[in-house]
$ cat protein.pdb   # PDB, C-alpha atoms
MODEL        1
ATOM      1  CA  MET Q   1     -35.791   5.653 -28.078
ATOM      2  CA  PHE Q   2     -32.584   6.076 -30.036
ATOM      3  CA  ARG Q   3     -29.581   3.874 -29.652
ATOM      4  CA  ARG Q   4     -26.359   5.468 -28.619
ATOM      5  CA  ARG Q   5     -23.384   4.449 -30.735
ATOM      6  CA  GLU Q   6     -20.140   4.076 -28.834
ATOM      7  CA  SER Q   7     -16.781   3.065 -30.058
ATOM      8  CA  VAL Q   8     -16.345  -0.067 -27.985
ATOM      9  CA  PRO Q   9     -15.216  -3.384 -29.379
ATOM     10  CA  PHE Q  10     -17.891  -5.492 -27.686
ATOM     11  CA  SER Q  11     -21.593  -4.797 -27.664
ATOM     12  CA  PHE Q  12     -22.150  -6.126 -24.143
ATOM     13  CA  VAL Q  13     -19.795  -3.468 -22.776
ATOM     14  CA  ALA Q  14     -21.873  -0.724 -24.369
ATOM     15  CA  GLU Q  15     -25.105  -2.207 -23.047
ATOM     16  CA  ALA Q  16     -23.761  -2.748 -19.533
ATOM     17  CA  ASP Q  17     -24.758   0.742 -18.387
ATOM     18  CA  ARG Q  18     -28.433  -0.056 -19.023
ATOM     19  CA  PHE Q  19     -28.409  -3.349 -17.126
ATOM     20  CA  ARG Q  20     -30.239  -3.320 -13.807
ATOM     21  CA  SER Q  21     -30.216  -6.313 -11.530
ATOM     22  CA  ASN Q  22     -33.161  -7.163  -9.320
ATOM     23  CA  VAL Q  23     -31.020  -9.417  -7.115
ATOM     24  CA  THR Q  24     -29.675  -7.802  -3.986
ATOM     25  CA  PRO Q  25     -26.334  -9.029  -2.693
ATOM     26  CA  PRO Q  26     -26.311 -10.765   0.672
ATOM     27  CA  PRO Q  27     -25.522  -8.581   3.679
ATOM     28  CA  ARG Q  28     -21.913  -8.489   4.783
ATOM     29  CA  GLN Q  29     -21.056 -10.527   7.821
ATOM     30  CA  ARG Q  30     -19.621  -8.677  10.765
ATOM     31  CA  ALA Q  31     -16.071  -9.559  11.710
ATOM     32  CA  SER Q  32     -15.716 -11.693  14.811
ATOM     33  CA  ARG Q  33     -13.651 -10.647  17.814
ATOM     34  CA  SER Q  34     -10.797 -12.936  16.841
ATOM     35  CA  GLN Q  35     -10.721 -11.466  13.323
ATOM     36  CA  LEU Q  36     -10.694  -7.930  14.719
ATOM     37  CA  ALA Q  37      -7.911  -8.876  17.152
ATOM     38  CA  ALA Q  38      -5.877 -10.455  14.340
ATOM     39  CA  ARG Q  39      -6.296  -7.402  12.109
ATOM     40  CA  SER Q  40      -5.243  -5.017  14.870
ATOM     41  CA  LEU Q  41      -2.269  -7.212  15.746
ATOM     42  CA  VAL Q  42      -1.116  -7.166  12.128
ATOM     43  CA  GLY Q  43      -1.570  -3.385  12.016
ATOM     44  CA  LEU Q  44       0.368  -2.868  15.226
ATOM     45  CA  THR Q  45       3.145  -5.138  13.975
ATOM     46  CA  LEU Q  46       3.451  -3.112  10.777
ATOM     47  CA  VAL Q  47       3.494   0.210  12.639
ATOM     48  CA  ALA Q  48       6.094  -1.113  15.100
ATOM     49  CA  GLY Q  49       8.235  -2.364  12.223
ATOM     50  CA  PHE Q  50       8.143   1.002  10.464
ATOM     51  CA  ALA Q  51       8.920   2.849  13.708
ATOM     52  CA  GLY Q  52      11.783   0.485  14.529
ATOM     53  CA  SER Q  53      13.325   0.778  11.097
ATOM     54  CA  LEU Q  54      13.059   4.544  11.320
ATOM     55  CA  LEU Q  55      14.717   4.625  14.736
ATOM     56  CA  LEU Q  56      17.497   2.272  13.677
ATOM     57  CA  GLY Q  57      17.985   3.922  10.301
ATOM     58  CA  LEU Q  58      18.175   7.552  11.396
ATOM     59  CA  PRO Q  59      21.741   7.354  12.783
ATOM     60  CA  ALA Q  60      22.925   5.963   9.458
ATOM     61  CA  LEU Q  61      21.342   8.883   7.608
ATOM     62  CA  ASP Q  62      22.851  11.555   9.868
ATOM     63  CA  THR Q  63      25.484  13.501   7.897
ATOM     64  CA  ASP Q  64      26.387  16.198  10.477
ATOM     65  CA  ARG Q  65      28.351  13.928  12.792
ATOM     66  CA  THR Q  66      32.080  13.564  12.428
ATOM     67  CA  PRO Q  67      33.341  10.006  12.497
ATOM     68  CA  SER Q  68      34.748   8.904  15.862
ATOM     69  CA  HIS Q  69      37.789   7.357  14.230
ATOM     70  CA  SER Q  70      39.748   8.746  11.341
ATOM     71  CA  GLN Q  71      40.065   6.941   8.053
ATOM     72  CA  THR Q  72      43.819   7.481   7.751
ATOM     73  CA  SER Q  73      46.155   4.544   7.581
ATOM     74  CA  GLU Q  74      48.735   3.764  10.221
ATOM     75  CA  ALA Q  75      51.563   4.320   7.759
ATOM     76  CA  SER Q  76      50.532   7.917   7.105
ATOM     77  CA  ARG Q  77      50.357   8.732  10.841
ATOM     78  CA  HIS Q  78      53.999   7.874  11.438
ATOM     79  CA  ARG Q  79      55.472  10.159   8.798
TER      80      ARG Q  79
ENDMDL
END
$ encode --input "protein.pdb" --output "structure tokens"
Amino acid sequence: MFRRRESVPFSFVAEADRFRSNVTPPPRQRASRSQLAARSLVGLTLVAGFAGSLLLGLPALDTDRTPSHSQTSEASRHR
């Protein structure tokens, strides 16, 4: 079996692809009901925040409306 030469600075990085572990990781624990409720509450809070900022920010981004009051000074109106 020939050894593959790679241009890596550390030998353990080059040999990492051949390493096989015989230890299986422990199974993942299922989330409890309170954890699922907390995650969905955080998700709903984020979605509501984005929706609220969009609803409150859209009038400020509207460029087609004319301003309800004019920007002229009182001195220029009485000329």
$ atom_distance --input "protein.pdb" --atom1 "atom CA of Phe50 of chain Q" --atom2 "atom CA of Arg30 of chain Q"
29.4 Å
$ atom_distance --input "protein.pdb" --atom1 "atom CA of Leu46 of chain Q" --atom2 "atom CA of Arg28 of chain Q"
26.6 Å
$ atom_distance --input "protein.pdb" --atom1 "atom CA of Gly52 of chain Q" --atom2 "atom CA of Ser34 of chain Q"
26.4 Å
